[in-house]
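What follows is a set of notes on a single structure, which appears directly below.
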Amino acid sequence: MTGSYYRRAGDAVYESDDLTRSNWGPIQHGSPPLALLTREIEGLLDGSGQRIARLSLDILGAIPVAPVRVAARVARPGRRICLLEAEMFPGDDDRPVARVGAWALSTSDTAGVACDRHPPLTSGPSLPPPEWFARADGYARSVRWRVQADAPDGAAIAWLSPQVHLVDDEPTTALQRLAMVVDSANGVGAALDVDEYMFMNTDTVVHLHRLPIGDDFGLRARASIGPDGVGATTAELFDRDGFIGTSAQALLVQRR
C-alpha cells in the first residue's frame with residue numbers, strides 16, 4: 001500500500017492528493033471526503049461505548065483537489081443515542097462543501113439473536129472492469145476493483161479494496177476503509193453509458209447493522225433512472241464475513 005488521499009498540513013488541515021480526483025472532473029470523488037470525515041467522527045466517539053450505525057454524506061458543492069479543513073462536533077449528545085456531525089471546508093472558505101452526519105448507538109451483547117437477511121457474498125472469477133474505469137485515473141487508480149457476474153435479479157456486483165492510506169501512513173479503521181470505497185456503488189450499479197450521460201450522486205447514506213472488518217468489500221448495486229433527470233442507486237454491502245448493511249444515493253442525471 002503506497003500513497004494516501006490526504007497529507008497532514010496543519011491543525012485539522014489536509015492536502016488533497018490527486019488520488020482523490022473524481023471521474024466527473026477536477027473535483028474529489030465522494031469516498032475520500034466521506035472517509036476523512038468519518039475518521040473525525042470516530043475520534044469523538046473513542047472510549048464512549050457507542051458505535052456508528054448510520055453515516056450520511058451530503059455533498060454541498062464541488063470539493064476541490066486542494067487543501068481542505070475539517071471540523072467535527074457532537075450535535076445531539078446522549079448515553080444511548082448520539083448524533084455527530086463533521087464538515088469539510090475548502091481552504092479558508094467558511095462554506096462547507098461536504099457534511100457527514102452519524103448516528104452512534106450504545107453497544108450491548110446481542111450475539112445470541114444476531115441475524116443477517118442476506119447470505120455471505122461469494123466471489124468468483126473477476127471480469128474486466130467497465131471501459132470507463134479501465135481508462136480513468138485519479139481515484140480509480142487507488143482502488144482494486146474486481147467485477148463479478150451480475151446477480152440473478154440483474155444487480156451488478158464488484159469487490160473493492162482501497163490500495164492507499166487515508167491520511168499519510170497512519171492507521172485506518174475498517175469503517176474508514178469501507179467509506180473509502182462505498183461511494184463507488186453508483187459506478188458499480190451504473191445503468192447508463194458514462195460517455196453519454198452524467199449520473200452524479202449528491203449523497204451517500206450507509207446503514208450498518210454490524211461494523212465491517214478487513215479491507216475487502218463487496219457491493220451489490222443497482223440503479224433506477226426516473227423520467228425527469230433524477231435517479232437512485234441502492235446497494236447491499238458485504239465484507240468477507242458476510243452482509244454488513246446497505247447504502248443509497250440520489251443521482252442527478254444529465255445527457256452530456
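In the C-alpha cells, chains take the letters A, B, ... in the order shown, each chain's residues start at 1, and ligands count up from 1 in the order shown.
Using only C-alpha atoms, the protein and nucleic acid residues lying no more than 12 Å from A:Asp94, apart from those fewer than 4 places from it along its own chain, are A:Val68, A:Arg69, A:Val70, A:Ala71, A:Glu87, A:Met88, A:Phe89, A:Pro90, A:Ala98.
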>> Would you pick out the contacts of A:Ala155 at 7 Å or less, using only C-alpha atoms, so that residues sharing its chain but fewer than 3 positions from it are not included, and give the list as a list in words?
In response: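 So the residues in contact are Asp150, Ala151, Gly189, Arg220, Ala221 and Arg222 of chain A.
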Write the selection just made, keeping C-alpha atoms, as a PDB file, in the first residue's frame?
ATOM      1  CA  ASP A 150     -24.387  -9.990 -12.277  1.00  0.00           C
ATOM      2  CA  ALA A 151     -26.810 -11.281  -9.654  1.00  0.00           C
ATOM      3  CA  GLY A 189     -24.568  -0.244 -10.331  1.00  0.00           C
ATOM      4  CA  ARG A 220     -24.205  -5.455  -4.943  1.00  0.00           C
ATOM      5  CA  ALA A 221     -25.704  -2.365  -6.523  1.00  0.00           C
ATOM      6  CA  ARG A 222     -28.464  -1.371  -8.887  1.00  0.00           C
TER       7      ARG A 222
END
> Of the residues A:Arg73, A:His165, A:Arg7, A:His207, which is the one nearest to A:Val182, using only C-alpha atoms?
Replying inline: A:His207
>> Excluding A:Cys82 and its own-chain neighbours fewer than 6 positions away, which residues fall within 6 Å of it when counting only C-alpha atoms? Please give them as a list of chain:residue names.
In response: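 Here the answer would be A:Arg76, A:Trp103, A:Ala104.
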Create the file for the chosen residues now, containing C-alpha atoms and written as an mmCIF file, in the first residue's frame.
data_model
loop_
_atom_site.group_PDB
_atom_site.id
_atom_site.type_symbol
_atom_site.label_atom_id
_atom_site.label_comp_id
_atom_site.auth_asym_id
_atom_site.auth_seq_id
_atom_site.Cartn_x
_atom_site.Cartn_y
_atom_site.Cartn_z
ATOM 1 C CA ARG A 76 -27.042 15.708 19.947
ATOM 2 C CA TRP A 103 -25.941 8.267 14.430
ATOM 3 C CA ALA A 104 -23.962 6.452 17.093
#
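Comparing the minimum interatomic distances between A:Leu84 and each of A:Ala185, A:Gly49, A:Ile41, A:Asp116, counting only C-alpha atoms, we find that A:Ile41 sits nearest.
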> What lies within 9 Å of stretch 12-29 of chain A using only C-alpha atoms, ignoring chain neighbours under 4 positions off, as a PyMOL selection string?
Replying inline: chain A and resi 3-8+33+62-71+91+132-133+136-142+164+167+183-184+198+200
Residue set, stretch 25-202 of chain A restricted to helix (DSSP H, G or I), as a compact mmCIF listing (two decimals) with all heavy atoms, in the first residue's frame:
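Once everything was written out, this is result_11.txt:
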# COMPACT_ATOMS: atom_id res chain seq x y z
N SER A 31 -15.90 9.30 -1.94
CA SER A 31 -15.43 8.39 -0.91
C SER A 31 -14.31 8.96 -0.04
O SER A 31 -14.35 8.80 1.19
CB SER A 31 -15.00 7.05 -1.53
OG SER A 31 -16.12 6.23 -1.77
N PRO A 32 -13.27 9.61 -0.60
CA PRO A 32 -12.23 10.15 0.30
C PRO A 32 -12.76 11.15 1.32
O PRO A 32 -12.44 11.04 2.51
CB PRO A 32 -11.23 10.76 -0.69
CG PRO A 32 -11.35 9.92 -1.91
CD PRO A 32 -12.83 9.65 -2.01
N PRO A 33 -13.61 12.14 0.93
CA PRO A 33 -14.16 13.03 1.95
C PRO A 33 -15.01 12.29 2.99
O PRO A 33 -14.94 12.61 4.19
CB PRO A 33 -15.00 14.03 1.15
CG PRO A 33 -14.38 14.03 -0.20
CD PRO A 33 -13.95 12.62 -0.43
N LEU A 34 -15.80 11.32 2.54
CA LEU A 34 -16.60 10.54 3.49
C LEU A 34 -15.69 9.84 4.49
O LEU A 34 -15.97 9.83 5.70
CB LEU A 34 -17.46 9.52 2.74
CG LEU A 34 -18.22 8.50 3.60
CD1 LEU A 34 -19.13 9.19 4.59
CD2 LEU A 34 -19.01 7.54 2.71
N ALA A 35 -14.61 9.26 4.02
CA ALA A 35 -13.69 8.55 4.91
C ALA A 35 -13.00 9.50 5.88
O ALA A 35 -12.86 9.19 7.07
CB ALA A 35 -12.67 7.77 4.08
N LEU A 36 -12.56 10.65 5.39
CA LEU A 36 -11.86 11.60 6.26
C LEU A 36 -12.79 12.14 7.35
O LEU A 36 -12.40 12.26 8.52
CB LEU A 36 -11.27 12.74 5.44
CG LEU A 36 -10.39 13.73 6.21
CD1 LEU A 36 -9.17 13.03 6.80
CD2 LEU A 36 -9.97 14.89 5.32
N LEU A 37 -14.02 12.46 6.97
CA LEU A 37 -14.97 12.98 7.96
C LEU A 37 -15.42 11.87 8.92
O LEU A 37 -15.69 12.13 10.10
CB LEU A 37 -16.15 13.61 7.26
CG LEU A 37 -15.80 14.87 6.43
CD1 LEU A 37 -17.03 15.41 5.71
CD2 LEU A 37 -15.19 15.96 7.32
N THR A 38 -15.51 10.65 8.43
CA THR A 38 -15.79 9.52 9.32
C THR A 38 -14.69 9.37 10.36
O THR A 38 -14.94 9.09 11.54
CB THR A 38 -15.93 8.23 8.50
OG1 THR A 38 -17.06 8.34 7.62
CG2 THR A 38 -16.14 7.01 9.40
N ARG A 39 -13.45 9.55 9.93
CA ARG A 39 -12.31 9.50 10.84
C ARG A 39 -12.45 10.52 11.96
O ARG A 39 -12.20 10.23 13.14
CB ARG A 39 -11.03 9.74 10.04
CG ARG A 39 -9.74 9.84 10.85
CD ARG A 39 -8.64 10.34 9.92
NE ARG A 39 -7.41 10.63 10.63
CZ ARG A 39 -6.34 9.84 10.70
NH1 ARG A 39 -6.38 8.67 10.09
NH2 ARG A 39 -5.27 10.20 11.35
N GLU A 40 -12.88 11.74 11.61
CA GLU A 40 -13.06 12.78 12.62
C GLU A 40 -14.15 12.39 13.61
O GLU A 40 -14.01 12.62 14.83
CB GLU A 40 -13.43 14.10 11.93
CG GLU A 40 -12.34 14.68 11.05
CD GLU A 40 -11.10 15.07 11.84
OE1 GLU A 40 -11.25 15.77 12.86
OE2 GLU A 40 -9.99 14.65 11.45
N ILE A 41 -15.22 11.80 13.12
CA ILE A 41 -16.32 11.40 13.99
C ILE A 41 -15.90 10.24 14.90
O ILE A 41 -16.22 10.22 16.10
CB ILE A 41 -17.56 11.03 13.15
CG1 ILE A 41 -18.15 12.31 12.53
CG2 ILE A 41 -18.60 10.30 13.98
CD1 ILE A 41 -19.23 12.07 11.50
N GLU A 42 -15.18 9.27 14.33
CA GLU A 42 -14.71 8.16 15.16
C GLU A 42 -13.81 8.66 16.29
O GLU A 42 -13.82 8.11 17.40
CB GLU A 42 -13.98 7.14 14.30
CG GLU A 42 -14.88 6.24 13.48
CD GLU A 42 -14.13 5.09 12.85
OE1 GLU A 42 -13.22 5.34 12.03
OE2 GLU A 42 -14.46 3.93 13.18
N GLY A 43 -13.04 9.71 16.00
CA GLY A 43 -12.19 10.28 17.05
C GLY A 43 -12.99 10.81 18.22
O GLY A 43 -12.59 10.68 19.38
N LEU A 44 -14.14 11.42 17.94
CA LEU A 44 -15.00 11.93 19.00
C LEU A 44 -15.65 10.80 19.80
O LEU A 44 -16.00 10.98 20.97
CB LEU A 44 -16.10 12.83 18.41
CG LEU A 44 -15.66 14.15 17.78
CD1 LEU A 44 -16.88 14.91 17.26
CD2 LEU A 44 -14.89 15.02 18.79
N LEU A 45 -15.85 9.64 19.18
CA LEU A 45 -16.53 8.52 19.83
C LEU A 45 -15.59 7.63 20.63
O LEU A 45 -16.05 6.76 21.39
CB LEU A 45 -17.24 7.65 18.78
CG LEU A 45 -18.55 8.20 18.21
CD1 LEU A 45 -19.01 7.33 17.05
CD2 LEU A 45 -19.62 8.28 19.29
N ALA A 111 -25.35 -11.03 20.65
CA ALA A 111 -24.82 -12.09 19.79
C ALA A 111 -25.79 -13.26 19.68
O ALA A 111 -25.86 -13.92 18.62
CB ALA A 111 -23.47 -12.56 20.33
N GLY A 112 -26.55 -13.53 20.72
CA GLY A 112 -27.46 -14.67 20.70
C GLY A 112 -28.63 -14.51 19.76
O GLY A 112 -29.28 -15.51 19.41
N VAL A 113 -28.93 -13.29 19.33
CA VAL A 113 -30.06 -13.07 18.42
C VAL A 113 -29.61 -12.43 17.11
O VAL A 113 -30.44 -11.99 16.31
CB VAL A 113 -31.15 -12.20 19.09
CG1 VAL A 113 -31.79 -12.95 20.25
CG2 VAL A 113 -30.57 -10.86 19.56
N GLU A 131 -15.24 -0.16 -19.18
CA GLU A 131 -14.27 0.55 -20.01
C GLU A 131 -13.91 1.90 -19.44
O GLU A 131 -12.75 2.32 -19.45
CB GLU A 131 -14.82 0.72 -21.43
CG GLU A 131 -13.84 1.36 -22.40
CD GLU A 131 -14.41 1.52 -23.79
OE1 GLU A 131 -15.47 0.92 -24.08
OE2 GLU A 131 -13.81 2.24 -24.60
N TRP A 132 -14.92 2.61 -18.88
CA TRP A 132 -14.64 3.94 -18.33
C TRP A 132 -13.69 3.84 -17.13
O TRP A 132 -12.84 4.71 -16.94
CB TRP A 132 -15.94 4.64 -17.90
CG TRP A 132 -16.68 3.96 -16.77
CD1 TRP A 132 -17.70 3.07 -16.87
CD2 TRP A 132 -16.42 4.11 -15.36
NE1 TRP A 132 -18.11 2.66 -15.62
CE2 TRP A 132 -17.36 3.29 -14.68
CE3 TRP A 132 -15.52 4.87 -14.62
CZ2 TRP A 132 -17.40 3.19 -13.30
CZ3 TRP A 132 -15.57 4.77 -13.23
CH2 TRP A 132 -16.50 3.94 -12.59
N PHE A 133 -13.81 2.75 -16.36
CA PHE A 133 -12.92 2.58 -15.22
C PHE A 133 -11.51 2.24 -15.69
O PHE A 133 -10.52 2.73 -15.14
CB PHE A 133 -13.46 1.48 -14.31
CG PHE A 133 -12.61 1.24 -13.09
CD1 PHE A 133 -12.79 1.99 -11.95
CD2 PHE A 133 -11.63 0.26 -13.09
CE1 PHE A 133 -12.01 1.78 -10.81
CE2 PHE A 133 -10.85 0.03 -11.97
CZ PHE A 133 -11.05 0.80 -10.84
N ALA A 134 -11.42 1.42 -16.71
CA ALA A 134 -10.11 0.99 -17.19
C ALA A 134 -9.29 2.17 -17.72
O ALA A 134 -8.06 2.15 -17.65
CB ALA A 134 -10.28 -0.06 -18.28
N GLY A 138 -6.78 9.14 -11.34
CA GLY A 138 -7.23 9.74 -10.10
C GLY A 138 -7.71 8.66 -9.13
O GLY A 138 -7.02 7.65 -8.90
N TYR A 139 -8.90 8.84 -8.56
CA TYR A 139 -9.42 7.92 -7.56
C TYR A 139 -9.46 6.48 -8.07
O TYR A 139 -9.18 5.53 -7.31
CB TYR A 139 -10.83 8.36 -7.14
CG TYR A 139 -11.52 7.37 -6.24
CD1 TYR A 139 -11.24 7.33 -4.87
CD2 TYR A 139 -12.43 6.45 -6.75
CE1 TYR A 139 -11.86 6.40 -4.04
CE2 TYR A 139 -13.05 5.52 -5.92
CZ TYR A 139 -12.76 5.49 -4.57
OH TYR A 139 -13.37 4.57 -3.77
N ALA A 140 -9.80 6.29 -9.33
CA ALA A 140 -9.94 4.94 -9.88
C ALA A 140 -8.66 4.13 -9.72
O ALA A 140 -8.71 2.90 -9.63
CB ALA A 140 -10.35 5.00 -11.35
N ARG A 141 -7.51 4.79 -9.68
CA ARG A 141 -6.24 4.09 -9.55
C ARG A 141 -5.90 3.75 -8.10
O ARG A 141 -4.91 3.08 -7.85
CB ARG A 141 -5.11 4.94 -10.15
CG ARG A 141 -5.25 5.21 -11.63
CD ARG A 141 -5.34 3.92 -12.42
NE ARG A 141 -5.49 4.14 -13.85
CZ ARG A 141 -5.89 3.22 -14.71
NH1 ARG A 141 -6.21 2.00 -14.26
NH2 ARG A 141 -6.01 3.49 -16.01
N SER A 142 -6.73 4.19 -7.18
CA SER A 142 -6.45 3.95 -5.76
C SER A 142 -7.20 2.75 -5.21
O SER A 142 -7.02 2.39 -4.04
CB SER A 142 -6.83 5.19 -4.94
OG SER A 142 -8.25 5.32 -4.83
N ALA A 174 -11.39 -0.20 9.83
CA ALA A 174 -12.17 -0.90 8.80
C ALA A 174 -13.34 -0.05 8.33
O ALA A 174 -13.70 -0.06 7.15
CB ALA A 174 -12.65 -2.24 9.34
N LEU A 175 -13.97 0.70 9.24
CA LEU A 175 -15.07 1.57 8.83
C LEU A 175 -14.58 2.65 7.88
O LEU A 175 -15.25 2.99 6.90
CB LEU A 175 -15.75 2.19 10.05
CG LEU A 175 -16.92 3.12 9.77
CD1 LEU A 175 -18.01 2.42 8.96
CD2 LEU A 175 -17.50 3.68 11.07
N GLN A 176 -13.43 3.22 8.16
CA GLN A 176 -12.86 4.21 7.25
C GLN A 176 -12.52 3.59 5.89
O GLN A 176 -12.73 4.20 4.84
CB GLN A 176 -11.61 4.83 7.87
CG GLN A 176 -11.90 5.70 9.08
CD GLN A 176 -10.67 5.96 9.93
OE1 GLN A 176 -9.54 5.95 9.44
NE2 GLN A 176 -10.87 6.19 11.22
N ARG A 177 -12.03 2.34 5.90
CA ARG A 177 -11.72 1.67 4.63
C ARG A 177 -13.00 1.41 3.84
O ARG A 177 -13.02 1.54 2.61
CB ARG A 177 -10.96 0.38 4.89
CG ARG A 177 -9.54 0.62 5.38
CD ARG A 177 -8.71 -0.66 5.36
NE ARG A 177 -9.15 -1.63 6.35
CZ ARG A 177 -8.70 -1.70 7.58
NH1 ARG A 177 -7.77 -0.83 8.00
NH2 ARG A 177 -9.13 -2.63 8.42
N LEU A 178 -14.09 1.03 4.51
CA LEU A 178 -15.37 0.89 3.81
C LEU A 178 -15.79 2.22 3.22
O LEU A 178 -16.23 2.30 2.05
CB LEU A 178 -16.45 0.38 4.77
CG LEU A 178 -17.87 0.35 4.20
CD1 LEU A 178 -17.99 -0.65 3.06
CD2 LEU A 178 -18.89 0.04 5.31
N ALA A 179 -15.67 3.30 3.99
CA ALA A 179 -16.03 4.63 3.49
C ALA A 179 -15.18 5.01 2.29
O ALA A 179 -15.64 5.76 1.42
CB ALA A 179 -15.87 5.67 4.60
N MET A 180 -13.96 4.50 2.19
CA MET A 180 -13.07 4.82 1.08
C MET A 180 -13.54 4.22 -0.24
O MET A 180 -13.03 4.59 -1.31
CB MET A 180 -11.65 4.35 1.40
CG MET A 180 -10.98 5.18 2.49
SD MET A 180 -9.51 4.41 3.21
CE MET A 180 -8.31 4.55 1.87
N VAL A 181 -14.52 3.29 -0.20
CA VAL A 181 -14.99 2.67 -1.45
C VAL A 181 -16.51 2.74 -1.64
O VAL A 181 -17.00 2.57 -2.75
CB VAL A 181 -14.55 1.20 -1.55
CG1 VAL A 181 -13.03 1.08 -1.51
CG2 VAL A 181 -15.17 0.33 -0.46
N VAL A 182 -17.28 3.00 -0.57
CA VAL A 182 -18.73 2.79 -0.66
C VAL A 182 -19.41 3.78 -1.60
O VAL A 182 -20.44 3.46 -2.21
CB VAL A 182 -19.37 2.84 0.75
CG1 VAL A 182 -19.37 4.26 1.32
CG2 VAL A 182 -20.78 2.28 0.71
N ALA A 185 -20.60 2.73 -5.18
CA ALA A 185 -21.80 1.95 -5.53
C ALA A 185 -22.48 2.52 -6.77
O ALA A 185 -23.02 1.77 -7.58
CB ALA A 185 -22.76 1.92 -4.35
N ASN A 186 -22.45 3.83 -6.90
CA ASN A 186 -23.04 4.47 -8.08
C ASN A 186 -22.38 3.98 -9.36
O ASN A 186 -23.04 3.76 -10.38
CB ASN A 186 -22.91 5.99 -7.96
CG ASN A 186 -23.56 6.73 -9.11
OD1 ASN A 186 -24.49 6.23 -9.74
ND2 ASN A 186 -23.07 7.92 -9.40
N GLY A 187 -21.05 3.80 -9.34
CA GLY A 187 -20.35 3.29 -10.51
C GLY A 187 -20.57 1.80 -10.71
O GLY A 187 -20.75 1.34 -11.85
N VAL A 188 -20.58 1.03 -9.61
CA VAL A 188 -20.82 -0.40 -9.72
C VAL A 188 -22.18 -0.68 -10.35
O VAL A 188 -22.32 -1.51 -11.25
CB VAL A 188 -20.71 -1.08 -8.33
CG1 VAL A 188 -21.14 -2.55 -8.41
CG2 VAL A 188 -19.30 -0.97 -7.78
> Could you pull the residues within 10 Å of A:Leu192, counting only C-alpha atoms, minus those fewer than 6 positions along the same chain, as a ChimeraX atom specification?
Replying inline: /A:198-199,223-225,253
> Between A:Glu196, A:Arg51, A:Ala190, A:Pro212, which one has atoms that come closest to A:Arg80, using only C-alpha atoms?
Replying inline: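 Nearest to A:Arg80: A:Arg51.
Between A:Pro128 and the residues A:Ala158, A:Ala248, A:Ala235, A:Val143, the shortest atom-to-atom distance, using only C-alpha atoms, involves A:Ala158.
Using only C-alpha atoms, the nearest neighbour of A:Gln148 within the list A:Val194, A:Ile81, A:Val205, A:Leu219 is A:Leu219.
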> So how many Å separate atom CA of A:Ala75 and atom CA of A:Arg54, to one decimal?
Replying inline: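 Those two atoms sit 14.5 Å apart.
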> So, counting only C-alpha atoms, which residue among A:Thr202, A:Thr2, A:Ser56, A:Ser161 is closest to A:Ala102?
Replying inline: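 Checking each of A:Thr202, A:Thr2, A:Ser56, A:Ser161 against A:Ala102, counting only C-alpha atoms, the winner is A:Ser56.
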>> DSSP on the backbone: which residues in stretch 10-81 of chain A end up as strand (DSSP E)? Give the answer as a ChimeraX atom specification.
In response: /A:10,13-16,50-59,68-76,81
Go ahead and write the residues just picked, N, CA and C atoms, as a tab-separated table (two decimals), in the first residue's frame.
chain	number	residue	atom	x	y	z
A	10	GLY	N	-1.37	20.75	8.87
A	10	GLY	CA	-1.62	21.66	9.97
A	10	GLY	C	-2.74	21.14	10.84
A	13	VAL	N	-6.09	20.56	9.00
A	13	VAL	CA	-5.92	20.93	7.59
A	13	VAL	C	-5.18	19.81	6.89
A	14	TYR	N	-5.66	19.47	5.67
A	14	TYR	CA	-5.08	18.37	4.92
A	14	TYR	C	-4.87	18.78	3.46
A	15	GLU	N	-3.75	18.36	2.90
A	15	GLU	CA	-3.51	18.48	1.47
A	15	GLU	C	-4.19	17.30	0.78
A	16	SER	N	-4.93	17.57	-0.29
A	16	SER	CA	-5.63	16.53	-1.02
A	16	SER	C	-4.76	16.03	-2.17
A	50	GLN	N	-20.09	3.62	22.32
A	50	GLN	CA	-21.05	3.72	21.22
A	50	GLN	C	-20.33	3.42	19.91
A	51	ARG	N	-21.12	3.02	18.91
A	51	ARG	CA	-20.53	2.82	17.60
A	51	ARG	C	-21.49	3.35	16.53
A	52	ILE	N	-20.93	3.65	15.38
A	52	ILE	CA	-21.70	4.27	14.30
A	52	ILE	C	-22.65	3.25	13.67
A	53	ALA	N	-23.92	3.61	13.57
A	53	ALA	CA	-24.93	2.78	12.93
A	53	ALA	C	-25.36	3.34	11.58
A	54	ARG	N	-25.19	4.66	11.41
A	54	ARG	CA	-25.54	5.28	10.13
A	54	ARG	C	-24.56	6.39	9.83
A	55	LEU	N	-24.12	6.44	8.57
A	55	LEU	CA	-23.33	7.55	8.05
A	55	LEU	C	-24.08	8.17	6.88
A	56	SER	N	-24.15	9.49	6.85
A	56	SER	CA	-24.86	10.17	5.78
A	56	SER	C	-24.00	11.31	5.25
A	57	LEU	N	-23.47	11.13	4.04
A	57	LEU	CA	-22.67	12.15	3.39
A	57	LEU	C	-23.56	13.01	2.50
A	58	ASP	N	-23.49	14.32	2.67
A	58	ASP	CA	-24.13	15.26	1.75
A	58	ASP	C	-23.03	16.07	1.09
A	59	ILE	N	-23.00	16.04	-0.23
A	59	ILE	CA	-22.03	16.82	-0.99
A	59	ILE	C	-22.68	18.18	-1.28
A	68	VAL	N	-7.87	21.19	2.31
A	68	VAL	CA	-9.20	21.24	2.92
A	68	VAL	C	-9.04	21.29	4.44
A	69	ARG	N	-10.06	21.83	5.07
A	69	ARG	CA	-10.10	21.94	6.53
A	69	ARG	C	-11.32	21.18	7.02
A	70	VAL	N	-11.19	20.48	8.16
A	70	VAL	CA	-12.30	19.69	8.68
A	70	VAL	C	-12.59	20.10	10.13
A	71	ALA	N	-13.84	19.88	10.51
A	71	ALA	CA	-14.27	20.15	11.88
A	71	ALA	C	-15.38	19.18	12.23
A	72	ALA	N	-15.41	18.71	13.47
A	72	ALA	CA	-16.42	17.76	13.92
A	72	ALA	C	-16.98	18.19	15.26
A	73	ARG	N	-18.24	17.80	15.51
A	73	ARG	CA	-18.87	18.16	16.77
A	73	ARG	C	-19.94	17.14	17.12
A	74	VAL	N	-20.33	17.12	18.38
A	74	VAL	CA	-21.47	16.33	18.83
A	74	VAL	C	-22.71	17.21	18.72
A	75	ALA	N	-23.61	16.87	17.83
A	75	ALA	CA	-24.81	17.68	17.60
A	75	ALA	C	-25.92	17.37	18.59
A	76	ARG	N	-25.99	16.11	19.01
A	76	ARG	CA	-27.04	15.71	19.95
A	76	ARG	C	-26.43	14.67	20.88
A	81	ILE	N	-27.92	7.18	22.58
A	81	ILE	CA	-28.05	7.62	21.19
A	81	ILE	C	-27.39	8.98	21.06
